[in-house]
Structures are given as structure tokens and as C-alpha cells.
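Colleague: Got a structure for you, questions after.
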Amino acid sequence: MTVAAGPLPLDVAAIRGDFAILGRTVRDGKPLVYLDSGATSQRPRQVLDAERTFLETSNAAVHRGAHQLSEEATDAYEGARARIASFVGVDQEEVVFTKNATEGINLVAYAMSNSSTSGPSAARFRLGPGDEVVITEVEHHANLVPWQQVCERTGATLRWFGVTSDGRVDLSELDSLVNERTKVVAFTHQSNVSGAITPVARIVKRAKEVGALTVLDACQSVPHMPVDFRALDVDFAVFSGHKMLGPSGIGVLYGRFELLSAMPPFITGGSMIELVRMEGSTFAPPPQRFEAGVPMTSQAIGLAAAVDYLSVVGLERVHAHEMALTAAALRGLSEVDGVHIVGPTDLTERGGAVSFVIDGVHAHDAGQVLDSLGVEIRVGHHCAWPLHRKLGVAASVRASFYLYNTLEEVDVLVEAVREAKRFFGVA
Amino acid sequence: MTVAAGPLPLDVAAIRGDFAILGRTVRDGKPLVYLDSGATSQRPRQVLDAERTFLETSNAAVHRGAHQLSEEATDAYEGARARIASFVGVDQEEVVFTKNATEGINLVAYAMSNSSTSGPSAARFRLGPGDEVVITEVEHHANLVPWQQVCERTGATLRWFGVTSDGRVDLSELDSLVNERTKVVAFTHQSNVSGAITPVARIVKRAKEVGALTVLDACQSVPHMPVDFRALDVDFAVFSGHKMLGPSGIGVLYGRFELLSAMPPFITGGSMIELVRMEGSTFAPPPQRFEAGVPMTSQAIGLAAAVDYLSVVGLERVHAHEMALTAAALRGLSEVDGVHIVGPTDLTERGGAVSFVIDGVHAHDAGQVLDSLGVEIRVGHHCAWPLHRKLGVAASVRASFYLYNTLEEVDVLVEAVREAKRFFGVA
Amino acid sequence: MQLEQMYQEIILDHYKNPHRRGLRDPYDAEVHHVNPTCGDEVTLRVKLEGSGAEAKVVDVSYDAQGCSISQAATSVLTDLVVDGTVGESFAKHEEFLRLMQGRGKVEPDEDVLEDGIAFAGVAKYPARVKCALLGWMAFKDAVARVEGTES
Amino acid sequence: MQLEQMYQEIILDHYKNPHRRGLRDPYDAEVHHVNPTCGDEVTLRVKLEGSGAEAKVVDVSYDAQGCSISQAATSVLTDLVVDGTVGESFAKHEEFLRLMQGRGKVEPDEDVLEDGIAFAGVAKYPARVKCALLGWMAFKDAVARVEGTES
Ligand SMILES: Cc1ncc(COP(=O)(O)O)c(C=O)c1O
Ligand SMILES: Cc1ncc(COP(=O)(O)O)c(C=O)c1O
């Protein structure tokens, strides 16, 4: 991959050449300006090719056959796991493939409630009346509803950190919220709405003091900047393939090996067992224990190709590029009267999601105008309804960037926002 | 698609042309003889193309955006659901996408245990001490371990039908096994080991008499013959994409709409909610309620393409073709001394999985010889350990057929079995 | 430009000057509905006279937070149903539903829908159809509650 | 033909005439191990004399159901460990493991592994490596139980 010298550290034109979809037009022949990578990213041809090559040469059920095809498929699948694990600084056996990040969080939550009918080694995961689960009010529903549900199943109590006016997790009550009753603290690494980055170290330190497990929602960080779960010292973390140039239908749960080894299973069935009798079954060691049934084989291979792609470009450079785009967007939008950013207005401890509201133009209406100009952004609460409610915003407009976006696209966005105001007569 | 006249109703040569992988060789240049479709099938170029075209033109997060890409993606995803639903004779809202069939069974089992902390409409799904769950001893682990686990979680009792000497479900105790205490009867449509087809109507009739729910494991039937869940009158059914020419990472749960509507969710998170507050959440109607997070979008589109492919060929003809291959295999293997079929030895009520043991040659060793001759079959207990134990077989060899297999390949299989005997000196 | 086709003058007029807005007494039933994808909300009250299909819709009052489409559609709704019978309102709802689910391919009946025909362009945008139906869903639900047929 | 490379004469000989087969008394520990993918099983007993790494392996007896590779490997194992010390047996296990996980690219040390070097060809078939290790896993587990270090 060649990289141009200049203010932006990436050769975006070359990168865009790898994404066929970016060449299309929408509505009345408008060039596509895709600013919705926070919802799902596009995939380069390298990822599509990797999946197809696998399917046309080595496809077979993994871990289940002794024939050559099955050997090749198993090698490809486990090789993918190893590459993905090293991408986030952890060991291969600590990576569990799930269908998306949401399943990964549910896996941990259900394993905890299943602990009450499992053996003594699972005792540390048990939840019951008097125990507390702590989350934050900025969470995506994926890291919120599963914890509400596990509290309903077990009788534990859900508590949460509030939100500052610029959409950050408010840690002022850290020491009282996370206390001796706390069994688990689950929080996002980066808000998918405000872009705010959570001070992971502070929360992890406090959780360790009281012996609580930590679960990191890394859906919006791993795709966009270098992340090392071991260095962050969290117990569990999740992310999704489709947000990082990889296929849909695959997510990753990281868990410290020692914890995964002691944890009861969630989804059960073939390939995750040790011994099956009608009277009862025992289970394989991790990660197999958590991967019941024929897995998302080609998708793991596609995700490994995505990780390779990102590694060649370099996550530092991806991040720097997105920060340049974010700075331009914050600057451009701040010059439009009546536009209010939902989240930090400078680059301190934030990533590249820029959400905003426009006085007098509802987010849905703004989105419609933007769409008519080819600008594909997201409108609504972005699966973070409590955060929106707390900030007094019913729905916001979110632009989110990735390595294939350009400064020109940011200009188109800002101009489109002005057009929305004109169209609805609030110029 | 053109179809040749002749003893076999399919133009297998034309079909094989759609599967690039079938042209490869294995080991020392042996042509690949892929007889492991019971584990996972291969995919025609039409399926790979459908996924790629979607990803290169309309990829976006479904149900979450108002922009054109998201509209197109949502249409493609929901259109796929409609085609897949009609393929098995049910309504679109009755089809839930899961990552594989295993997840589908777990979904029902967990929804049942979650019912104990859900509202009154879920009461009919509750399980507790005194209640009984009935399965069979021929089940794949996927339709066995989840039921053991739900019994552990709830205190219900697991009971099971035995097995006849030719690997069929033994229904002689139907009326006593399925009784007033029975809450759910889960059973396979077709054994993945013996190929035996279960008399669905008899079990469903009895289950209805006592008011028990029925769950059909259709993993080995839907890919191979016309199946209509409404006609079979089961309450729930599951199958997997990867066994029917479709992608890995996608499965289907069918549920009667009335039941899905009353059932609590399993995996929770984004896109499955109605209203989220920190204090509690309510949930969307089915199928959304059961599809948390960004779904396996391109995989649904790939599976719809697979369903189209099978529909063009015609499931009756696929079935007739497989029966011709099965007849040839049963005939050929029966002429080899010391080979014993695990399952029915004629074509009555059976599909195209042919499992067998060879006196004096362990299945693993036989598999190795077959592999060296290019014949890719499965060895072991095929995730049906209790069935093997019951029949006194530690491990068997399984050949399984699909629309792309030929009579010549059956001959190669039989000859390879003879070679295995020669190699281990048990000629 | 497609945008003008969608946001007809009529829609923008209703959005800027909504009819019958505000929550009024007396009323027989009040409901609260939300659009789960965007968080838009409507609180809606109905006052009926009589019962069954022949009951008269005396008043519909509401407080809503949402986009121009959902606001305007609710305003138009009140024009269409107030002073008519419940039976007539349901028939109009049917016709509006047919229009909105028609993907822009259905010719609306102006005699039935009046200003409602302005939403023909919205029907081309599936993600916005829910916006246009939010008020209607609330209205039907409220009437059902008065009738006691709501579960 | 690759097959002959994998199934060396030595392997087939051990398979047909396994050494020290059968379950014998006295013994200090008995374990039962299975291979979850194929259902192969081994019940294995060890009799030690002394303790720690210097303990002598007096007898290894077993009853096994499985393929030629697992049967032969267990037979070879008994040749390698019986009459040696526990410390020596673990060293041999290490060397055998290194060979089996070497994907056919590791040169085995015949002085250490004796007949065990015949399994070099098996290492090329990842699915069969577990077969060759089944007896060894059981042996290590059994020794650990005697030593009381098993959890
Ligand atoms: C009869 C049967 N049931 C269930 C399954 C599980 O399917 P999956 O692994 O795709 O979830 C299989 C295949 O492995 C099967 O053959
Ligand atoms: C912060 C955050 N957490 C969790 C998720 C859920 O990811 P998925 O839908 O892939 O499971 C998302 C994306 O939707 C997200 O942005």
C-alpha cells in the first residue's frame, strides 16, 4: 500500500479504490458520501476475496473432520483467530467468536446467571440479591439491556454512572457506585454517539480494588485506534467485525483465560462438549466451550483479512486521519448557526463520531435533506436512548468517519446541513 | 438450468460447474470426492455472487438508517426473509435469523427459562420441577445439550425416546413418555447419522393431545427434500444455512407467530427493543425481538440465493437424486464383507446419510485411507454420541450426499472401503 | 428535486401550523406512543360521543415531539376524523395505510384523504412511513381503549 | 503413497500386538480419558515406587478402545516409561509432544523416543495428533493423581 505525503497521513484515493461501493451514486445521481461507518463499515475487496478464496478452495466443517479439506478449513479458522487475537494484544485461546458484539455481552451475562446452577468453580460469577451490576448511562443498548435482564433473572441490582453535559461518563461518584457489593462493571470504551473516550484505567483500578469484573464494549474503539486489552487490563471485551471492514455475522469476545476456563457455557450443542450422555454432559475448554455448532468460518477468515488490512495501513494513521476529519467537521459545523454538538467539541479524549442537532430542524428531516444530497448519515437515538433522554435530545444526526472518508466529504456534509436549514426555512 | 433425461433426474455435470471447489484435488493429486455435505455443504457461485453484489452495492446497517443505502439493505434483508419463509411454507414474521441451528434451539430453551421472570403472557412457556421435557436418543448434541441445560436451570425433568437397532426413534412408549407433565417435545426430522426419518405426524398428534410444544430439528431435512412446517404442524423448527448451499453464520428458527409473540427474548440489545429506560425496557414484536444487534445481513441474502438455487433445481429432484446415490451406496457397501450399516438398510423412510462400521478397521483409520484416495467423509460420533453408545459403536464412518454428487463417486467410495480393509489386512 | 416531492407545501404548512395541537379536556382516553427507531413520541387524547362504529369523534388533541412528517400527519389526521364517525375514521385510516405502504405506486383517493394525499411522496421512503403512521397508531389505540376492546 | 509414511510398520505392529495391554493390580491411580471428537476411550492405571521426579514407574496397564494410532501410541508409551523414573517419563512426553505438534517438520530424537519416532508421519495430520496423545494425557493425569497434585 502506498501512502502519500501531505497533511493527511493516508493515501485515501488508493484506499477508496479498494471499496467498490464508494464509487456508486445515490438518489438523483449524487456521489455517495458514506458517513455512517459507526453503524457499519464498508469492506475492501481484500476481505471479500479472502472469504471467496476460502470458500472456493478449502470450505469444510472445522474441528469435525479428519479429511484434508477439514484440516485446511480448521487451520484457516484457527489461524484467523490467532491473527485477530494478536491484533488486540491477547492470546488465541482468549478469543471467542460470536455472531456480533451483542452476543458477546449476552454470553458473559448469561454465563453469570448460569453460574447459579453450575459447579463451585463458577461461584465467583454468581449474582443474586444484594449484588450490584454497574453500567453507564451512555451505553449502547447492547451493553445495557443484557445487564437489566441478568438483574431480573438473578435479583441483583443495576446501578449506573451518569452523563456530563458533553456526553462523557460522569465518574464523580466512582468510589461509591463501585463498592464491595459490585460484581461487574460494564462500560463502553468510546461512545457511539458523542465519541467520548472513557478513562478505562480509572474504572479498572477501582473495580480491582473491590474485586469486580470489568467488561469493556470496544465496538467503537478497536476499529479506529490501536487497542491492547492486556494493557487495558480489563477482564472481558467485545467488538464486531462489520464495524472494522470485516464481514457481518461475526463478533469477538475477549476473556482472560483464567476466567473463561472457570465460566459455565452459554449456548450449548455440538463442538463445545467433552462428554455427552443422556444423563448429563461436560464441556470442552475455552474457546471451544463457547462456540457451539458450526461456526462462522468464512467470516472469521474475512475478519482476519480486515485486521491484516488495518494493520498494513496502521491504526495510528487511521486514528490520525479520523481526527483530522473530526476536527474539520467540528470546525465546519460550529460555523453553522443553530447547530449544537452532542458531545465534546474539541479533540480531547474523543474519537470520530460527531452527533449534533439543528435548531428548528428535526434530525429525521435533516437526514432526509442530507440523503437527497448523497450524504448518508444516521438519525435517531443510535441505540443510546437513555443518553439522548438525559441530554434532552429526542433524536440527533450522527456523522461517523473511517479511513476511506475525505476532507471534501466533510465539506459536503457541512454544506448539506446549511441546505437543510434553508429547506426548512430556518436559515 | 438444463436437466438431462436419464436415470438420474439432474444434470449433475452442469450443477458441478457451479461449485469451483469440486474441481480441486486433494492429497497426492486425487480428485476431490466430497461426501461430507451432512456436516457442511459447498456453495454455488450464485450464492457467492449474491453476497458479493450486495456488499459492493447496497451494504448498510438494516432497520437503522433513513438513507438510501440503508433502505436498499433493509429491503434486501427482509426480501431474503420472505423468500426463505415461503421455501418452508411459513410467514415472513415467523422466521427469525440466528447464527446457526444450534442458536435457534438454545433460543427456545432460554426463552422458556426466561419465562419465569417474565410477565403473565409468557406463563405457558414456564418450566419447573414436575414438568417434563422429552427428546430422543438419536438427537444431535445441538438438540440434546440445550434441553439438559434448561432442565438444570429450571428443575424440570428430561426424558427421552430410545432407539431401534436400525437407528430409528423408538416410539413404542409414545403415550407414556409424552404425558400431561410434558411441556415440550424436541426431536429430529432426519437423523444425521442413520438417515432415518422420524414420523413427525405421530409425535405432533400426541404432543397436541397433552398440550406440549413441539420443536423440530430440520437441519438434515430442509436441505434435502420439500419441507412445509405449516403442513407438519410443528410449533418451532430450526435449520442451518451452511448445510443447504448457503453461507455459514446463518440459521433459521421458525416459530408459530402466536407463540413468538408471547415469548420473552433471549439475546438482548439494539434493534430488538420498543422502549429503553435505565429502569427497564420493553421489546419489539417478532421477529425483531429475537434479532439483537446488527444481523448477518449478507448471509441472509446468500441464504435466499441458495433457496432460489434449490427451488430452480427442485427439491423433489434433489431428493430423488440423493435416493439413487443412497441406494447405490447401500448396495455397494453391503457387498463388502464385514461392513455394517448404522441405520436402515433400505430406502424406506430414510434420507441420504449412510453411516457404517468395518470389522477390524477403526473409523478413524478407515477415514485416513479414504482421505488418501480423495474421499472426504466424516468419522467419529458425528455429534450424536448417545446414539453411538446405544448402538454399541464407538465411532462410525459417514458418507453423506447432495445434489452435486455422482454415482461414480459412490463407486469410488465403495472401492476405497475395500482398500481400507486391504491396507489393514482384514481383506 | 425529489425532496420537494416528499415535502409538499401542504405538509410543511401543517408542520408549521398544526391543527388542533395541545392536550384538551374532556377526553375518554389518552395514549402515549413512540417510534422505537428515532424516539419520536406522541401523547394523544380522544373524546367520543356514542358507541361502536356510529360513535362520533368529538375531539382529538395531542402533544407530539417529532419530525415534520409525523407532526403534519397527526395534524391532517385530526382534520380527517374530527366530527366524523369512528367507522369513517377507520375507513380513512385504511386508505391512508394503503397509500403509505404502496411504495409510491398507489394512487390516493383525494375525496377520502383530502390533505392526506400530500403524503404520497413519503411512501417512497420506507424509513419515513413509520413517522407518518405514528399519530394514526395512537388514534386507533385510543379509540380501542374507549371501546374497551384493547387487551 | 503417503499412507505408508503415516502407518509405519512399527505402528501397525504395536496396534496388532499391543504391549502391556489389560488392567492389572496393584495400582496407585486409575484414570479414564476420552477423545471428544471421535469417542475413543482409554482407562489407564499406574503403579509408582517412591515419590517426586525420582519415583520409579513400576507398571502402566490399560484398556483402550480406539484407532490404530491411539492404540499403538499407548503401547509405545508403556515401553518408554515403565522401569524409568517419573522425571524421565515427563521428559519423553515433552519430546513426543514436540514431535506431534511439529506438523511433520520436527526431527525426532530416536535415543529418547525409540519406537515413538514412527509417529513422525502422524504429525502431518493435525486431526490425528489427538489420537496419538490420548494415552499420554491419561498417563500424565494418572501420575499427577498419585502425586496428589491433581486438583
Ligand atoms: C441433525 C442436526 N441437528 C443440528 C445440527 C447443528 O447445526 P449447526 O451446527 O449448524 O447449528 C446438525 C449439524 O451439525 C445436525 O446434523
Ligand atoms: C458502542 C456500541 N456497542 C455495541 C454495539 C453493538 O454491536 P453489534 O450490533 O454489532 O452487536 C454497537 C453498534 O451497533 C456500538 O456502537
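Naming works like this for the C-alpha cells: A, B, ... for the chains as they're shown, residue 1 at the start of each chain, ligands 1 onward in shown order.
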Please check the contacts: residues of chain B at most 6 Å away from chain A, using only C-alpha atoms, listed as a PDB file with N, CA and C atoms, in the first residue's frame.

Modeller:
ATOM      1  N   ALA B  20     -16.915 -24.307  -7.704  1.00  0.00           N
ATOM      2  CA  ALA B  20     -15.492 -24.296  -8.076  1.00  0.00           C
ATOM      3  C   ALA B  20     -14.684 -25.315  -7.277  1.00  0.00           C
ATOM      4  N   ILE B  21     -15.002 -25.464  -5.998  1.00  0.00           N
ATOM      5  CA  ILE B  21     -14.200 -26.309  -5.121  1.00  0.00           C
ATOM      6  C   ILE B  21     -14.194 -27.769  -5.565  1.00  0.00           C
ATOM      7  N   THR B  40     -21.245 -30.026   6.326  1.00  0.00           N
ATOM      8  CA  THR B  40     -21.486 -28.721   5.701  1.00  0.00           C
ATOM      9  C   THR B  40     -21.453 -28.911   4.202  1.00  0.00           C
ATOM     10  N   GLU B  56     -21.102  -4.993  -2.505  1.00  0.00           N
ATOM     11  CA  GLU B  56     -20.471  -3.970  -3.334  1.00  0.00           C
ATOM     12  C   GLU B  56     -21.442  -2.897  -3.807  1.00  0.00           C
ATOM     13  N   THR B  57     -22.736  -3.088  -3.508  1.00  0.00           N
ATOM     14  CA  THR B  57     -23.678  -2.061  -3.965  1.00  0.00           C
ATOM     15  C   THR B  57     -24.574  -1.484  -2.869  1.00  0.00           C
ATOM     16  N   ALA B  61     -26.249  -0.779   7.530  1.00  0.00           N
ATOM     17  CA  ALA B  61     -26.936  -1.359   8.680  1.00  0.00           C
ATOM     18  C   ALA B  61     -28.441  -1.376   8.376  1.00  0.00           C
ATOM     19  N   GLY B  65     -31.278   2.961   9.520  1.00  0.00           N
ATOM     20  CA  GLY B  65     -30.946   4.212   8.865  1.00  0.00           C
ATOM     21  C   GLY B  65     -32.083   4.659   7.990  1.00  0.00           C
ATOM     22  N   HIS B  67     -31.247   6.503   5.240  1.00  0.00           N
ATOM     23  CA  HIS B  67     -30.650   6.840   3.950  1.00  0.00           C
ATOM     24  C   HIS B  67     -30.865   5.738   2.914  1.00  0.00           C
ATOM     25  N   THR B 102     -28.131 -24.370  15.999  1.00  0.00           N
ATOM     26  CA  THR B 102     -27.859 -24.540  17.425  1.00  0.00           C
ATOM     27  C   THR B 102     -28.368 -23.338  18.224  1.00  0.00           C
ATOM     28  N   HIS B 141     -26.149 -33.441  19.307  1.00  0.00           N
ATOM     29  CA  HIS B 141     -25.925 -32.720  20.570  1.00  0.00           C
ATOM     30  C   HIS B 141     -26.632 -31.365  20.604  1.00  0.00           C
ATOM     31  N   ALA B 142     -26.814 -30.764  19.419  1.00  0.00           N
ATOM     32  CA  ALA B 142     -27.461 -29.446  19.355  1.00  0.00           C
ATOM     33  C   ALA B 142     -28.904 -29.491  19.843  1.00  0.00           C
ATOM     34  N   VAL B 145     -28.082 -31.179  24.361  1.00  0.00           N
ATOM     35  CA  VAL B 145     -27.457 -30.466  25.481  1.00  0.00           C
ATOM     36  C   VAL B 145     -28.284 -29.236  25.910  1.00  0.00           C
ATOM     37  N   PRO B 146     -28.825 -28.438  24.976  1.00  0.00           N
ATOM     38  CA  PRO B 146     -29.624 -27.284  25.438  1.00  0.00           C
ATOM     39  C   PRO B 146     -30.814 -27.692  26.304  1.00  0.00           C
ATOM     40  N   SER B 248     -22.156 -19.903   5.913  1.00  0.00           N
ATOM     41  CA  SER B 248     -22.061 -20.214   7.341  1.00  0.00           C
ATOM     42  C   SER B 248     -22.481 -18.954   8.090  1.00  0.00           C
ATOM     43  N   GLY B 249     -22.716 -19.115   9.391  1.00  0.00           N
ATOM     44  CA  GLY B 249     -23.058 -17.947  10.191  1.00  0.00           C
ATOM     45  C   GLY B 249     -24.506 -17.529  10.081  1.00  0.00           C
ATOM     46  N   THR B 268     -30.422  -9.972  24.091  1.00  0.00           N
ATOM     47  CA  THR B 268     -30.995  -8.629  24.093  1.00  0.00           C
ATOM     48  C   THR B 268     -29.947  -7.587  23.701  1.00  0.00           C
ATOM     49  N   GLY B 269     -30.426  -6.419  23.258  1.00  0.00           N
ATOM     50  CA  GLY B 269     -29.529  -5.347  22.844  1.00  0.00           C
ATOM     51  C   GLY B 269     -30.231  -4.416  21.876  1.00  0.00           C
ATOM     52  N   GLY B 270     -29.499  -3.882  20.919  1.00  0.00           N
ATOM     53  CA  GLY B 270     -30.081  -2.954  19.962  1.00  0.00           C
ATOM     54  C   GLY B 270     -31.024  -3.648  18.991  1.00  0.00           C
ATOM     55  N   ARG B 277     -35.353   2.477  28.999  1.00  0.00           N
ATOM     56  CA  ARG B 277     -35.004   3.404  30.074  1.00  0.00           C
ATOM     57  C   ARG B 277     -34.016   2.673  30.970  1.00  0.00           C
ATOM     58  N   GLY B 293     -28.878  -6.690  17.853  1.00  0.00           N
ATOM     59  CA  GLY B 293     -27.610  -6.307  17.238  1.00  0.00           C
ATOM     60  C   GLY B 293     -27.688  -6.278  15.728  1.00  0.00           C
ATOM     61  N   MET B 296     -26.786 -10.799  10.541  1.00  0.00           N
ATOM     62  CA  MET B 296     -25.975 -11.390   9.485  1.00  0.00           C
ATOM     63  C   MET B 296     -26.639 -11.048   8.149  1.00  0.00           C
ATOM     64  N   ASP B 371      -9.396 -40.759   2.809  1.00  0.00           N
ATOM     65  CA  ASP B 371      -8.862 -39.421   2.538  1.00  0.00           C
ATOM     66  C   ASP B 371      -7.683 -39.497   1.583  1.00  0.00           C
ATOM     67  N   GLU B 376     -13.640 -37.691   0.941  1.00  0.00           N
ATOM     68  CA  GLU B 376     -13.771 -36.909   2.165  1.00  0.00           C
ATOM     69  C   GLU B 376     -15.083 -37.256   2.852  1.00  0.00           C
ATOM     70  N   ARG B 378     -16.923 -38.293   6.947  1.00  0.00           N
ATOM     71  CA  ARG B 378     -16.764 -37.930   8.348  1.00  0.00           C
ATOM     72  C   ARG B 378     -16.605 -39.184   9.190  1.00  0.00           C
ATOM     73  N   CYS B 383     -21.413 -35.903  16.497  1.00  0.00           N
ATOM     74  CA  CYS B 383     -22.213 -35.133  17.457  1.00  0.00           C
ATOM     75  C   CYS B 383     -23.481 -35.869  17.851  1.00  0.00           C
ATOM     76  N   PRO B 386     -24.673 -40.244  22.277  1.00  0.00           N
ATOM     77  CA  PRO B 386     -25.583 -41.224  22.910  1.00  0.00           C
ATOM     78  C   PRO B 386     -26.118 -42.267  21.918  1.00  0.00           C
TER      79      PRO B 386
END

Colleague: When the cut-off is 8 Å and we count only C-alpha atoms, which residues of chain D are near chain A, given as an mmCIF file with C-alpha atoms, in the first residue's frame?

Modeller:
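New file part.cif:
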data_model
loop_
_atom_site.group_PDB
_atom_site.id
_atom_site.type_symbol
_atom_site.label_atom_id
_atom_site.label_comp_id
_atom_site.auth_asym_id
_atom_site.auth_seq_id
_atom_site.Cartn_x
_atom_site.Cartn_y
_atom_site.Cartn_z
ATOM 1 C CA VAL D 34 -11.852 -39.784 26.065
ATOM 2 C CA ASN D 35 -11.261 -38.047 22.777
ATOM 3 C CA PRO D 36 -14.342 -35.825 22.425
ATOM 4 C CA THR D 37 -14.217 -35.688 18.641
ATOM 5 C CA TYR D 125 -2.311 -34.852 10.140
ATOM 6 C CA PRO D 126 -3.494 -32.428 12.845
ATOM 7 C CA ALA D 127 -6.757 -34.304 13.330
ATOM 8 C CA ARG D 128 -4.830 -37.444 14.277
#

Colleague: Run DSSP on the backbone of this structure and report the residues of stretch 85-118 of chain D it assigns to alpha helix (DSSP H), as a PDB file with C-alpha atoms, in the first residue's frame.

Modeller:
ATOM      1  CA  VAL D  86       8.650 -40.145  36.548  1.00  0.00           C
ATOM      2  CA  GLY D  87      11.086 -37.356  35.677  1.00  0.00           C
ATOM      3  CA  GLU D  88      12.349 -39.290  32.669  1.00  0.00           C
ATOM      4  CA  SER D  89       8.817 -40.107  31.554  1.00  0.00           C
ATOM      5  CA  PHE D  90       7.877 -36.437  31.583  1.00  0.00           C
ATOM      6  CA  ALA D  91      10.943 -35.573  29.519  1.00  0.00           C
ATOM      7  CA  LYS D  92       9.914 -38.198  26.998  1.00  0.00           C
ATOM      8  CA  HIS D  93       6.390 -36.827  26.966  1.00  0.00           C
ATOM      9  CA  GLU D  94       7.797 -33.378  26.216  1.00  0.00           C
ATOM     10  CA  GLU D  95       9.825 -34.721  23.326  1.00  0.00           C
ATOM     11  CA  PHE D  96       6.843 -36.676  21.971  1.00  0.00           C
ATOM     12  CA  LEU D  97       4.650 -33.596  22.227  1.00  0.00           C
ATOM     13  CA  ARG D  98       7.235 -31.545  20.370  1.00  0.00           C
ATOM     14  CA  LEU D  99       7.278 -34.154  17.614  1.00  0.00           C
ATOM     15  CA  MET D 100       3.481 -34.398  17.382  1.00  0.00           C
ATOM     16  CA  GLU D 110      15.457 -41.632  18.433  1.00  0.00           C
ATOM     17  CA  ASP D 111      17.545 -42.026  21.578  1.00  0.00           C
ATOM     18  CA  VAL D 112      14.694 -40.524  23.581  1.00  0.00           C
ATOM     19  CA  LEU D 113      11.624 -41.731  21.708  1.00  0.00           C
TER      20      LEU D 113
END

Colleague: Counting only C-alpha atoms, what is within 9 Å of D:Lys105, bar same-chain residues fewer than 2 positions away, as a list in words?

Modeller: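 Those residues are Leu99, Gly102, Arg103, Glu107, Ala120, Ala123 and Lys124 of chain D.
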
Colleague: Within 9 Å of A:Ala13, counting only C-alpha atoms, which residues qualify if same-chain residues fewer than 4 places away don't, as a PyMOL selection string?

Modeller: chain A and resi 17+404+406

Colleague: Please dump the current selection as a PDB file, in the first residue's frame; keep N, CA, C and O atoms.

Modeller:
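What ended up in selection-v8.pdb:
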ATOM      1  N   GLY A  17     -10.108   3.054  -3.672  1.00  0.00           N
ATOM      2  CA  GLY A  17     -10.122   2.130  -4.810  1.00  0.00           C
ATOM      3  C   GLY A  17     -10.421   0.696  -4.414  1.00  0.00           C
ATOM      4  O   GLY A  17     -10.872  -0.113  -5.230  1.00  0.00           O
ATOM      5  N   TYR A 404     -11.634   5.676   4.808  1.00  0.00           N
ATOM      6  CA  TYR A 404     -11.901   5.973   3.395  1.00  0.00           C
ATOM      7  C   TYR A 404     -12.590   7.327   3.188  1.00  0.00           C
ATOM      8  O   TYR A 404     -12.921   7.675   2.061  1.00  0.00           O
ATOM      9  N   THR A 406     -12.992  11.540   3.228  1.00  0.00           N
ATOM     10  CA  THR A 406     -12.094  12.630   2.830  1.00  0.00           C
ATOM     11  C   THR A 406     -12.540  13.963   3.438  1.00  0.00           C
ATOM     12  O   THR A 406     -13.693  14.106   3.868  1.00  0.00           O
TER      13      THR A 406
END

Colleague: Mind giving me the straight-line distance from atom CA of D:Gly52 to atom CA of D:Thr85 in Å, one decimal?

Modeller: 9.1 Å

Colleague: Looking only at the backbone, which of the residues in stretch 274-406 of chain B does DSSP tag as strand (DSSP E), as a list in words?

Modeller: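 Taking stretch 274-406 of chain B and keeping strand (DSSP E) only, one gets Glu274, Leu275, Val276, Arg277, Gly280, Ser281, Thr282, Phe283, Val339, His340, Ile341, Val342, Ala353, Val354, Ser355, Phe356, Val357, Ile358, Val375, Glu376, Arg378, Val379, Gly380, Ser396, Val397, Arg398, Ala399 and Ser400 of chain B.
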
Colleague: What gap, in Å, lies between atom CA of B:Ile15 and atom CA of B:Met244?

Modeller: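 Going from atom CA of B:Ile15 over to atom CA of B:Met244, I get 14.2 Å.
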
Colleague: Fewer than 5 positions away in the same chain doesn't count, so skip those; otherwise give me all residues within 9 Å of A:His340, counting only C-alpha atoms, as a PyMOL selection string.

Modeller: chain A and resi 333-334+355-359

Colleague: Using only C-alpha atoms, determine which residues lie at most 9 Å from stretch 165-169 of chain A, disregarding the query and same-chain residues fewer than 4 positions distant; provide the list as number ranges by chain.

Modeller: A: 136-138, 161, 191, 193-199, 341-345, 387, 390-391

Colleague: Excluding stretch 17-21 of chain C and its own-chain neighbours fewer than 5 positions away, which residues fall within 8 Å of it when counting only C-alpha atoms? Please give them as a VMD selection string.

Modeller: chain C and resid 60 to 63 71 to 72 75 to 76 78 to 79

Colleague: Tell me which of B:Ala14, B:Met323, B:Ala76, B:Val238 sits closest to ligand 1, counting only C-alpha atoms and all ligand atoms.

Modeller: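 Result for the nearest residue to ligand 1: B:Val238.
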
Colleague: Looking at only C-alpha atoms and all ligand atoms, which of B:Ala395, B:Ala262, B:Val227, B:Leu216 is the one that sits closest to ligand 1?

Modeller: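 For ligand 1, the nearest of the candidates is B:Leu216.
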
Colleague: For atom CA of A:Arg124 and atom CA of A:Ser86, determine how far apart the two atoms are, in Å to one decimal place.

Modeller: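 Those two atoms sit 27.9 Å apart.
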